[in-house]
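Content type PDB, C-alpha atoms and all ligand atoms, from the file query-v4.pdb:
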ATOM      1  CA  MET A   1    -130.855-172.147 -78.379  1.00  0.00           C
ATOM      2  CA  LEU A   2    -132.017-175.616 -79.411  1.00  0.00           C
ATOM      3  CA  LYS A   3    -133.571-176.070 -82.810  1.00  0.00           C
ATOM      4  CA  CYS A   4    -134.318-179.104 -84.945  1.00  0.00           C
ATOM      5  CA  GLU A   5    -136.406-179.822 -88.008  1.00  0.00           C
ATOM      6  CA  GLY A   6    -137.531-182.813 -90.011  1.00  0.00           C
ATOM      7  CA  LEU A   7    -135.986-185.341 -87.623  1.00  0.00           C
ATOM      8  CA  ARG A   8    -136.684-188.965 -88.444  1.00  0.00           C
ATOM      9  CA  LYS A   9    -135.376-192.231 -87.040  1.00  0.00           C
ATOM     10  CA  SER A  10    -136.258-195.860 -87.740  1.00  0.00           C
ATOM     11  CA  TYR A  11    -134.831-199.090 -86.364  1.00  0.00           C
ATOM     12  CA  SER A  12    -134.979-202.141 -88.677  1.00  0.00           C
ATOM     13  CA  GLY A  13    -137.467-200.287 -90.858  1.00  0.00           C
ATOM     14  CA  ARG A  14    -139.759-199.449 -87.923  1.00  0.00           C
ATOM     15  CA  PRO A  15    -140.260-195.694 -87.531  1.00  0.00           C
ATOM     16  CA  VAL A  16    -139.676-194.424 -83.998  1.00  0.00           C
ATOM     17  CA  LEU A  17    -139.512-190.674 -84.671  1.00  0.00           C
ATOM     18  CA  GLN A  18    -141.177-188.912 -87.595  1.00  0.00           C
ATOM     19  CA  GLU A  19    -140.960-185.260 -88.612  1.00  0.00           C
ATOM     20  CA  ILE A  20    -139.885-183.924 -85.250  1.00  0.00           C
ATOM     21  CA  GLY A  21    -139.164-180.214 -85.365  1.00  0.00           C
ATOM     22  CA  PHE A  22    -139.170-177.530 -82.676  1.00  0.00           C
ATOM     23  CA  GLU A  23    -137.277-174.644 -81.206  1.00  0.00           C
ATOM     24  CA  LEU A  24    -136.658-174.124 -77.505  1.00  0.00           C
ATOM     25  CA  PRO A  25    -135.232-171.046 -75.792  1.00  0.00           C
ATOM     26  CA  ALA A  26    -133.518-171.078 -72.394  1.00  0.00           C
ATOM     27  CA  GLY A  27    -135.654-172.767 -69.760  1.00  0.00           C
ATOM     28  CA  ALA A  28    -136.342-176.124 -68.163  1.00  0.00           C
ATOM     29  CA  TRP A  29    -138.271-178.449 -70.492  1.00  0.00           C
ATOM     30  CA  ALA A  30    -139.440-181.867 -69.318  1.00  0.00           C
ATOM     31  CA  LEU A  31    -140.395-184.427 -71.963  1.00  0.00           C
ATOM     32  CA  GLN A  32    -142.906-187.025 -70.839  1.00  0.00           C
ATOM     33  CA  GLY A  33    -144.759-189.817 -72.616  1.00  0.00           C
ATOM     34  CA  PRO A  34    -145.460-193.536 -72.606  1.00  0.00           C
ATOM     35  CA  ASN A  35    -142.667-196.117 -72.529  1.00  0.00           C
ATOM     36  CA  GLY A  36    -141.213-196.727 -75.959  1.00  0.00           C
ATOM     37  CA  CYS A  37    -142.508-193.555 -77.633  1.00  0.00           C
ATOM     38  CA  GLY A  38    -138.958-192.481 -78.494  1.00  0.00           C
ATOM     39  CA  LYS A  39    -137.942-190.018 -75.769  1.00  0.00           C
ATOM     40  CA  SER A  40    -134.450-191.430 -75.143  1.00  0.00           C
ATOM     41  CA  THR A  41    -133.922-191.880 -78.873  1.00  0.00           C
ATOM     42  CA  LEU A  42    -134.728-188.209 -79.416  1.00  0.00           C
ATOM     43  CA  LEU A  43    -132.232-187.149 -76.717  1.00  0.00           C
ATOM     44  CA  ARG A  44    -129.487-189.291 -78.295  1.00  0.00           C
ATOM     45  CA  LEU A  45    -130.125-187.695 -81.702  1.00  0.00           C
ATOM     46  CA  LEU A  46    -130.200-184.148 -80.312  1.00  0.00           C
ATOM     47  CA  ALA A  47    -127.000-184.740 -78.327  1.00  0.00           C
ATOM     48  CA  GLY A  48    -125.187-186.083 -81.381  1.00  0.00           C
ATOM     49  CA  ALA A  49    -124.765-189.513 -79.787  1.00  0.00           C
ATOM     50  CA  GLU A  50    -126.636-191.114 -82.704  1.00  0.00           C
ATOM     51  CA  GLU A  51    -127.308-190.031 -86.298  1.00  0.00           C
ATOM     52  CA  PRO A  52    -130.864-189.265 -87.417  1.00  0.00           C
ATOM     53  CA  ASP A  53    -132.045-190.801 -90.707  1.00  0.00           C
ATOM     54  CA  ALA A  54    -133.047-187.303 -91.771  1.00  0.00           C
ATOM     55  CA  GLY A  55    -133.322-183.813 -90.369  1.00  0.00           C
ATOM     56  CA  ASP A  56    -131.184-181.034 -88.967  1.00  0.00           C
ATOM     57  CA  ILE A  57    -130.194-180.078 -85.445  1.00  0.00           C
ATOM     58  CA  CYS A  58    -128.835-176.718 -84.400  1.00  0.00           C
ATOM     59  CA  ILE A  59    -127.238-176.102 -80.987  1.00  0.00           C
ATOM     60  CA  ALA A  60    -126.674-172.448 -80.021  1.00  0.00           C
ATOM     61  CA  GLY A  61    -126.650-171.497 -83.693  1.00  0.00           C
ATOM     62  CA  VAL A  62    -124.225-174.249 -84.776  1.00  0.00           C
ATOM     63  CA  GLY A  63    -125.442-176.983 -87.133  1.00  0.00           C
ATOM     64  CA  MET A  64    -124.754-180.531 -85.975  1.00  0.00           C
ATOM     65  CA  ARG A  65    -124.390-181.728 -89.567  1.00  0.00           C
ATOM     66  CA  GLU A  66    -122.112-178.875 -90.692  1.00  0.00           C
ATOM     67  CA  ALA A  67    -119.905-178.597 -87.588  1.00  0.00           C
ATOM     68  CA  PRO A  68    -120.507-181.566 -85.270  1.00  0.00           C
ATOM     69  CA  LEU A  69    -117.510-180.960 -82.997  1.00  0.00           C
ATOM     70  CA  ARG A  70    -118.293-177.277 -82.549  1.00  0.00           C
ATOM     71  CA  ALA A  71    -121.995-178.009 -81.959  1.00  0.00           C
ATOM     72  CA  ARG A  72    -121.070-180.561 -79.286  1.00  0.00           C
ATOM     73  CA  GLN A  73    -118.897-177.987 -77.514  1.00  0.00           C
ATOM     74  CA  HIS A  74    -122.122-176.120 -76.739  1.00  0.00           C
ATOM     75  CA  LEU A  75    -124.021-179.076 -75.302  1.00  0.00           C
ATOM     76  CA  SER A  76    -123.795-181.786 -72.730  1.00  0.00           C
ATOM     77  CA  TYR A  77    -125.696-185.006 -72.309  1.00  0.00           C
ATOM     78  CA  ALA A  78    -126.209-187.264 -69.305  1.00  0.00           C
ATOM     79  CA  PRO A  79    -127.683-190.602 -70.465  1.00  0.00           C
ATOM     80  CA  ASP A  80    -129.841-192.649 -68.105  1.00  0.00           C
ATOM     81  CA  GLU A  81    -126.943-195.028 -67.659  1.00  0.00           C
ATOM     82  CA  SER A  82    -123.628-195.361 -69.383  1.00  0.00           C
ATOM     83  CA  PRO A  83    -121.691-198.530 -70.112  1.00  0.00           C
ATOM     84  CA  ILE A  84    -118.993-196.446 -71.832  1.00  0.00           C
ATOM     85  CA  TYR A  85    -116.633-195.815 -68.939  1.00  0.00           C
ATOM     86  CA  PRO A  86    -116.497-199.033 -66.825  1.00  0.00           C
ATOM     87  CA  PHE A  87    -112.725-198.893 -66.191  1.00  0.00           C
ATOM     88  CA  LEU A  88    -112.496-195.199 -65.357  1.00  0.00           C
ATOM     89  CA  THR A  89    -112.733-193.885 -61.830  1.00  0.00           C
ATOM     90  CA  GLY A  90    -115.018-190.943 -61.084  1.00  0.00           C
ATOM     91  CA  SER A  91    -112.031-188.573 -61.205  1.00  0.00           C
ATOM     92  CA  ASP A  92    -110.858-190.079 -64.510  1.00  0.00           C
ATOM     93  CA  LEU A  93    -114.290-189.602 -66.006  1.00  0.00           C
ATOM     94  CA  LEU A  94    -114.504-185.927 -65.053  1.00  0.00           C
ATOM     95  CA  ASP A  95    -110.888-185.314 -66.201  1.00  0.00           C
ATOM     96  CA  PHE A  96    -111.739-186.972 -69.509  1.00  0.00           C
ATOM     97  CA  VAL A  97    -114.779-184.740 -70.040  1.00  0.00           C
ATOM     98  CA  CYS A  98    -112.754-181.621 -69.094  1.00  0.00           C
ATOM     99  CA  MET A  99    -110.102-182.628 -71.619  1.00  0.00           C
ATOM    100  CA  ALA A 100    -112.662-183.293 -74.363  1.00  0.00           C
ATOM    101  CA  LYS A 101    -114.346-179.950 -73.719  1.00  0.00           C
ATOM    102  CA  LYS A 102    -111.030-178.127 -73.164  1.00  0.00           C
ATOM    103  CA  ARG A 103    -112.501-176.616 -70.020  1.00  0.00           C
ATOM    104  CA  PRO A 104    -111.409-176.816 -66.359  1.00  0.00           C
ATOM    105  CA  LEU A 105    -113.291-178.426 -63.512  1.00  0.00           C
ATOM    106  CA  ASP A 106    -114.699-175.146 -62.224  1.00  0.00           C
ATOM    107  CA  THR A 107    -115.680-174.385 -58.634  1.00  0.00           C
ATOM    108  CA  TYR A 108    -119.343-174.808 -59.577  1.00  0.00           C
ATOM    109  CA  VAL A 109    -118.854-178.477 -60.532  1.00  0.00           C
ATOM    110  CA  VAL A 110    -116.570-179.074 -57.541  1.00  0.00           C
ATOM    111  CA  GLY A 111    -119.428-177.740 -55.356  1.00  0.00           C
ATOM    112  CA  LEU A 112    -121.807-180.155 -57.041  1.00  0.00           C
ATOM    113  CA  ILE A 113    -119.448-183.105 -56.399  1.00  0.00           C
ATOM    114  CA  ASP A 114    -119.447-182.117 -52.712  1.00  0.00           C
ATOM    115  CA  GLY A 115    -123.205-181.553 -52.638  1.00  0.00           C
ATOM    116  CA  PHE A 116    -123.805-185.031 -54.069  1.00  0.00           C
ATOM    117  CA  GLY A 117    -121.497-186.546 -51.420  1.00  0.00           C
ATOM    118  CA  LEU A 118    -119.200-187.966 -54.111  1.00  0.00           C
ATOM    119  CA  PRO A 119    -115.701-187.175 -52.722  1.00  0.00           C
ATOM    120  CA  PRO A 120    -115.211-190.580 -50.993  1.00  0.00           C
ATOM    121  CA  PHE A 121    -116.071-192.360 -54.246  1.00  0.00           C
ATOM    122  CA  MET A 122    -114.022-190.373 -56.756  1.00  0.00           C
ATOM    123  CA  GLY A 123    -111.244-193.008 -56.833  1.00  0.00           C
ATOM    124  CA  VAL A 124    -113.623-195.942 -57.343  1.00  0.00           C
ATOM    125  CA  ARG A 125    -114.042-197.493 -60.785  1.00  0.00           C
ATOM    126  CA  PHE A 126    -117.285-196.538 -62.477  1.00  0.00           C
ATOM    127  CA  SER A 127    -118.432-200.176 -62.773  1.00  0.00           C
ATOM    128  CA  ASN A 128    -117.976-200.666 -58.992  1.00  0.00           C
ATOM    129  CA  LEU A 129    -120.140-197.694 -58.020  1.00  0.00           C
ATOM    130  CA  SER A 130    -123.795-197.856 -57.044  1.00  0.00           C
ATOM    131  CA  LEU A 131    -126.242-196.823 -59.782  1.00  0.00           C
ATOM    132  CA  GLY A 132    -127.026-193.647 -57.827  1.00  0.00           C
ATOM    133  CA  SER A 133    -123.339-192.673 -57.640  1.00  0.00           C
ATOM    134  CA  GLN A 134    -122.886-193.425 -61.352  1.00  0.00           C
ATOM    135  CA  LYS A 135    -125.846-191.193 -62.063  1.00  0.00           C
ATOM    136  CA  LYS A 136    -124.419-188.386 -59.939  1.00  0.00           C
ATOM    137  CA  LEU A 137    -121.100-188.550 -61.806  1.00  0.00           C
ATOM    138  CA  LEU A 138    -122.821-188.375 -65.190  1.00  0.00           C
ATOM    139  CA  LEU A 139    -124.798-185.372 -63.924  1.00  0.00           C
ATOM    140  CA  CYS A 140    -121.629-183.641 -62.658  1.00  0.00           C
ATOM    141  CA  ALA A 141    -120.009-184.250 -66.047  1.00  0.00           C
ATOM    142  CA  ALA A 142    -123.013-182.617 -67.733  1.00  0.00           C
ATOM    143  CA  TRP A 143    -122.295-179.327 -65.942  1.00  0.00           C
ATOM    144  CA  ILE A 144    -118.665-179.090 -67.078  1.00  0.00           C
ATOM    145  CA  GLY A 145    -117.863-176.251 -69.474  1.00  0.00           C
ATOM    146  CA  GLU A 146    -120.990-174.117 -68.982  1.00  0.00           C
ATOM    147  CA  PRO A 147    -122.932-175.663 -71.885  1.00  0.00           C
ATOM    148  CA  ASP A 148    -125.700-173.660 -73.571  1.00  0.00           C
ATOM    149  CA  VAL A 149    -127.905-176.748 -73.956  1.00  0.00           C
ATOM    150  CA  ILE A 150    -128.096-179.663 -71.509  1.00  0.00           C
ATOM    151  CA  PHE A 151    -129.820-182.994 -72.193  1.00  0.00           C
ATOM    152  CA  LEU A 152    -130.625-185.249 -69.249  1.00  0.00           C
ATOM    153  CA  ASP A 153    -132.256-188.679 -69.472  1.00  0.00           C
ATOM    154  CA  GLU A 154    -134.228-189.544 -66.311  1.00  0.00           C
ATOM    155  CA  PRO A 155    -131.951-187.366 -64.154  1.00  0.00           C
ATOM    156  CA  SER A 156    -133.646-188.150 -60.828  1.00  0.00           C
ATOM    157  CA  ASN A 157    -133.469-191.944 -61.284  1.00  0.00           C
ATOM    158  CA  GLY A 158    -131.682-193.598 -58.375  1.00  0.00           C
ATOM    159  CA  LEU A 159    -130.892-190.364 -56.523  1.00  0.00           C
ATOM    160  CA  ASP A 160    -131.346-190.085 -52.763  1.00  0.00           C
ATOM    161  CA  LEU A 161    -133.796-187.396 -51.655  1.00  0.00           C
ATOM    162  CA  ALA A 162    -131.200-184.752 -50.737  1.00  0.00           C
ATOM    163  CA  SER A 163    -129.437-185.155 -54.093  1.00  0.00           C
ATOM    164  CA  ARG A 164    -132.751-185.050 -55.922  1.00  0.00           C
ATOM    165  CA  ASP A 165    -133.612-181.735 -54.222  1.00  0.00           C
ATOM    166  CA  LEU A 166    -130.154-180.349 -55.007  1.00  0.00           C
ATOM    167  CA  LEU A 167    -130.482-181.305 -58.667  1.00  0.00           C
ATOM    168  CA  ALA A 168    -133.975-179.788 -58.928  1.00  0.00           C
ATOM    169  CA  GLU A 169    -132.644-176.517 -57.478  1.00  0.00           C
ATOM    170  CA  LEU A 170    -129.699-176.583 -59.887  1.00  0.00           C
ATOM    171  CA  ILE A 171    -131.970-177.088 -62.891  1.00  0.00           C
ATOM    172  CA  ARG A 172    -134.282-174.326 -61.701  1.00  0.00           C
ATOM    173  CA  GLN A 173    -131.406-171.860 -61.343  1.00  0.00           C
ATOM    174  CA  ARG A 174    -129.402-172.736 -64.440  1.00  0.00           C
ATOM    175  CA  SER A 175    -132.436-172.842 -66.729  1.00  0.00           C
ATOM    176  CA  ARG A 176    -132.586-169.036 -66.562  1.00  0.00           C
ATOM    177  CA  GLU A 177    -129.731-168.902 -69.055  1.00  0.00           C
ATOM    178  CA  THR A 178    -129.506-172.486 -70.337  1.00  0.00           C
ATOM    179  CA  THR A 179    -131.857-174.738 -72.302  1.00  0.00           C
ATOM    180  CA  ILE A 180    -132.255-177.825 -70.136  1.00  0.00           C
ATOM    181  CA  PHE A 181    -134.228-180.475 -71.985  1.00  0.00           C
ATOM    182  CA  TYR A 182    -134.820-183.597 -69.971  1.00  0.00           C
ATOM    183  CA  VAL A 183    -136.848-186.794 -69.952  1.00  0.00           C
ATOM    184  CA  SER A 184    -138.550-187.732 -66.714  1.00  0.00           C
ATOM    185  CA  HIS A 185    -141.432-189.843 -65.445  1.00  0.00           C
ATOM    186  CA  ASP A 186    -140.965-188.310 -61.977  1.00  0.00           C
ATOM    187  CA  ARG A 187    -143.812-185.795 -61.568  1.00  0.00           C
ATOM    188  CA  ASP A 188    -142.675-184.418 -58.206  1.00  0.00           C
ATOM    189  CA  PHE A 189    -139.182-183.833 -59.543  1.00  0.00           C
ATOM    190  CA  VAL A 190    -140.529-182.120 -62.670  1.00  0.00           C
ATOM    191  CA  ALA A 191    -142.683-179.854 -60.498  1.00  0.00           C
ATOM    192  CA  ALA A 192    -139.688-179.038 -58.263  1.00  0.00           C
ATOM    193  CA  THR A 193    -137.645-177.930 -61.303  1.00  0.00           C
ATOM    194  CA  GLU A 194    -140.555-175.706 -62.436  1.00  0.00           C
ATOM    195  CA  ALA A 195    -140.105-177.185 -65.906  1.00  0.00           C
ATOM    196  CA  ASN A 196    -142.510-176.766 -68.814  1.00  0.00           C
ATOM    197  CA  VAL A 197    -143.945-180.189 -69.576  1.00  0.00           C
ATOM    198  CA  LEU A 198    -143.832-181.379 -73.207  1.00  0.00           C
ATOM    199  CA  THR A 199    -145.128-184.503 -74.877  1.00  0.00           C
ATOM    200  CA  MET A 200    -144.034-185.906 -78.242  1.00  0.00           C
ATOM    201  CA  LYS A 201    -147.116-184.338 -79.822  1.00  0.00           C
ATOM    202  CA  ASP A 202    -145.796-180.894 -78.830  1.00  0.00           C
ATOM    203  CA  LEU A 203    -142.531-181.412 -80.692  1.00  0.00           C
ATOM    204  CA  SER A 204    -143.759-180.852 -84.181  1.00  0.00           C
ATOM    205  CA  LEU A 205    -142.591-177.771 -86.081  1.00  0.00           C
ATOM    206  CA  ARG A 206    -143.248-174.999 -83.626  1.00  0.00           C
ATOM    207  CA  VAL A 207    -141.538-172.456 -81.496  1.00  0.00           C
ATOM    208  CA  ILE A 208    -142.278-173.148 -77.879  1.00  0.00           C
ATOM    209  CA  ASN A 209    -142.101-170.133 -75.596  1.00  0.00           C
ATOM    210  CA  ARG A 210    -144.335-171.165 -72.755  1.00  0.00           C
ATOM    211  CA  HIS A 211    -146.210-174.051 -71.266  1.00  0.00           C
ATOM    212  CA  PRO A 212    -148.135-175.602 -74.188  1.00  0.00           C
ATOM    213  CA  LYS A 213    -151.867-176.042 -73.664  1.00  0.00           C
TER     214      LYS A 213
HETATM  215  N1  LIG B 301    -130.623-199.070 -80.725  1.00  0.00           N
HETATM  216  C1  LIG B 301    -131.863-199.517 -80.959  1.00  0.00           C
HETATM  217  N2  LIG B 301    -132.093-200.540 -81.789  1.00  0.00           N
HETATM  218  C2  LIG B 301    -133.345-200.977 -82.053  1.00  0.00           C
HETATM  219  N3  LIG B 301    -134.453-200.454 -81.498  1.00  0.00           N
HETATM  220  C3  LIG B 301    -134.289-199.437 -80.651  1.00  0.00           C
HETATM  221  C4  LIG B 301    -133.000-198.903 -80.343  1.00  0.00           C
HETATM  222  N4  LIG B 301    -133.157-197.874 -79.462  1.00  0.00           N
HETATM  223  C5  LIG B 301    -134.477-197.762 -79.249  1.00  0.00           C
HETATM  224  N5  LIG B 301    -135.158-198.698 -79.941  1.00  0.00           N
HETATM  225  C6  LIG B 301    -136.607-198.880 -79.975  1.00  0.00           C
HETATM  226  O1  LIG B 301    -137.173-197.596 -80.220  1.00  0.00           O
HETATM  227  C7  LIG B 301    -138.368-197.420 -79.449  1.00  0.00           C
HETATM  228  C8  LIG B 301    -138.232-196.169 -78.615  1.00  0.00           C
HETATM  229  O2  LIG B 301    -137.281-196.412 -77.584  1.00  0.00           O
HETATM  230  P1  LIG B 301    -136.871-195.280 -76.548  1.00  0.00           P
HETATM  231  O3  LIG B 301    -135.942-195.911 -75.568  1.00  0.00           O
HETATM  232  O4  LIG B 301    -136.409-194.087 -77.284  1.00  0.00           O
HETATM  233  O5  LIG B 301    -138.272-194.952 -75.873  1.00  0.00           O
HETATM  234  P2  LIG B 301    -138.601-194.142 -74.536  1.00  0.00           P
HETATM  235  O6  LIG B 301    -139.788-193.302 -74.827  1.00  0.00           O
HETATM  236  O7  LIG B 301    -137.365-193.449 -74.055  1.00  0.00           O
HETATM  237  O8  LIG B 301    -138.984-195.317 -73.534  1.00  0.00           O
HETATM  238  P3  LIG B 301    -138.910-195.415 -71.910  1.00  0.00           P
HETATM  239  O9  LIG B 301    -139.917-194.443 -71.351  1.00  0.00           O
HETATM  240  O10 LIG B 301    -139.274-196.831 -71.653  1.00  0.00           O
HETATM  241  O11 LIG B 301    -137.493-195.099 -71.516  1.00  0.00           O
HETATM  242  C9  LIG B 301    -138.538-198.688 -78.632  1.00  0.00           C
HETATM  243  O12 LIG B 301    -139.441-199.537 -79.299  1.00  0.00           O
HETATM  244  C10 LIG B 301    -137.153-199.287 -78.610  1.00  0.00           C
HETATM  245  O13 LIG B 301    -137.202-200.688 -78.506  1.00  0.00           O
END

In structure tokens, how does this file's structure come out?
Amino acid sequence: MLKCEGLRKSYSGRPVLQEIGFELPAGAWALQGPNGCGKSTLLRLLAGAEEPDAGDICIAGVGMREAPLRARQHLSYAPDESPIYPFLTGSDLLDFVCMAKKRPLDTYVVGLIDGFGLPPFMGVRFSNLSLGSQKKLLLCAAWIGEPDVIFLDEPSNGLDLASRDLLAELIRQRSRETTIFYVSHDRDFVAATEANVLTMKDLSLRVINRHPK
């Protein structure tokens, strides 16, 4: 469902990612590694939020280079934090994502909004919300439109314990039919999602079907 090959990215001539290539089927996949090794950069490239210097990305059979809009219809991405929507309220943000994806706010996402305790905050501007509430909204947005591939950057950051448990359960359930590729330093959370743990070294030209040894 998620495939990439020959991915490279440098900033100011300094290579951050080199020859990344892998293929992941449905499942929960947790990427771990030292600070600065390029995990968030890789997520941005895979989600189409930033262009690689070289390489190809394929989401549910659709090439990001050939058909970027169609490829993005099959994915969603929750960054660690987002400065993009400071003036939007929570409701505005979710409406905006529904409009962009041409999909309704289904009962599943409405249940998640309730489960995260967000209803009292839906009319508050994004920039006036706590970091935890901002995170929850970005996570709710990631579940809109039943994406085939979901990218999450540090999804448990800032979440209260009940919300963290809810999210872990959600990832565990949805990963049966969805590729959920996320970055996390939170070992307990990763264990609760029953994710396969990957490091950057694992992401080099291979098909990954099980926990790499
Ligand atoms: N937009 C950018 N411009 C310049 N350098 C960048 C940019 N984004 C990332 N970098 C650099 O690329 C390297 C990898 O950063 P990245 O945030 O991807 O690492 P990470 O593994 O996610 O780190 P952490 O675990 O601390 O979140 C770092 O040295 C970072 O400073």

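Closest approach to A:Ile144 among A:Val97, A:Ile171, A:Leu161, A:Val183 is made by A:Val97 (distances from only C-alpha atoms).
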
Inset, instruction - Show me which residues sit within 7 Å of ligand LIG 301 (chain B) when counting all atoms listed in the file, and put them as a list in words. - result: Tyr11, Ser12, Val16, Gly33, Pro34, Asn35, Gly36, Cys37, Gly38, Lys39, Ser40, Thr41 and Leu42 of chain A

Inset, instruction - Carefully work through the PyMOL selection byres (((chain A and resi 149-156) around 6) and not hetatm) for this structure and note down the residues it includes, as a count of residues only. - result: 18

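Atom CA of A:Gly13 to atom CA of A:Ala54 spans 13.7 Å [interatomic distance, one decimal].
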
Inset, instruction - Kindly extract all protein, DNA and RNA residues lying within 8 Å of the coordinates (-124.5, -180.0, -80.7) given in the file, considering all atoms listed in the file, and supply them as number ranges by chain. - result: A: 46-48, 57-60, 62-64, 68-75

Those same residues, written as a compact mmCIF listing (two decimals), keeping the file's coordinate frame with C-alpha atoms?
# COMPACT_ATOMS: atom_id res chain seq x y z
CA LEU A 46 -130.20 -184.15 -80.31
CA ALA A 47 -127.00 -184.74 -78.33
CA GLY A 48 -125.19 -186.08 -81.38
CA ILE A 57 -130.19 -180.08 -85.44
CA CYS A 58 -128.84 -176.72 -84.40
CA ILE A 59 -127.24 -176.10 -80.99
CA ALA A 60 -126.67 -172.45 -80.02
CA VAL A 62 -124.22 -174.25 -84.78
CA GLY A 63 -125.44 -176.98 -87.13
CA MET A 64 -124.75 -180.53 -85.98
CA PRO A 68 -120.51 -181.57 -85.27
CA LEU A 69 -117.51 -180.96 -83.00
CA ARG A 70 -118.29 -177.28 -82.55
CA ALA A 71 -122.00 -178.01 -81.96
CA ARG A 72 -121.07 -180.56 -79.29
CA GLN A 73 -118.90 -177.99 -77.51
CA HIS A 74 -122.12 -176.12 -76.74
CA LEU A 75 -124.02 -179.08 -75.30

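Residues in contact range of A:Leu88, defined as at most 7 Å between all atoms listed in the file, with sequence neighbours fewer than 5 positions away removed, read Leu93, Arg125 and Phe126 of chain A.
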
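Between atom CA of A:Ser175 and atom CA of A:Ala26 there is a distance of 6.0 Å.
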
Inset, instruction - Considering all atoms listed in the file, state which residue in the set A:Asp165, A:Asp92, A:Asp186, A:Glu19 is at the smallest distance from A:Asp53. - result: A:Glu19

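Here atom CA of A:Thr193 stands at a distance of 17.8 Å from atom CA of A:Lys135.
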
Legend entry - From A:Lys201, A:Lys9, A:Leu118, A:Gln134, residue lying nearest A:Glu51 [only C-alpha atoms]: A:Lys9

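Ranking A:Asp56, A:Asp202, A:Asp114, A:Glu81 by their shortest atom-to-atom distance to A:Glu5, with all atoms listed in the file included, puts A:Asp56 first.
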
Inset, instruction - Would you translate the PyMOL selection byres (((chain A and resi 29) around 7) and not hetatm) into the concrete set of residues it matches in this file, as a ChimeraX atom specification? - result: /A:27-28,30-31,180-182,195-198

Legend entry - Residue among A:Gly145, A:Gly132, A:His185, A:Leu43 lying closest to A:Gly158, counting all atoms listed in the file: A:Gly132
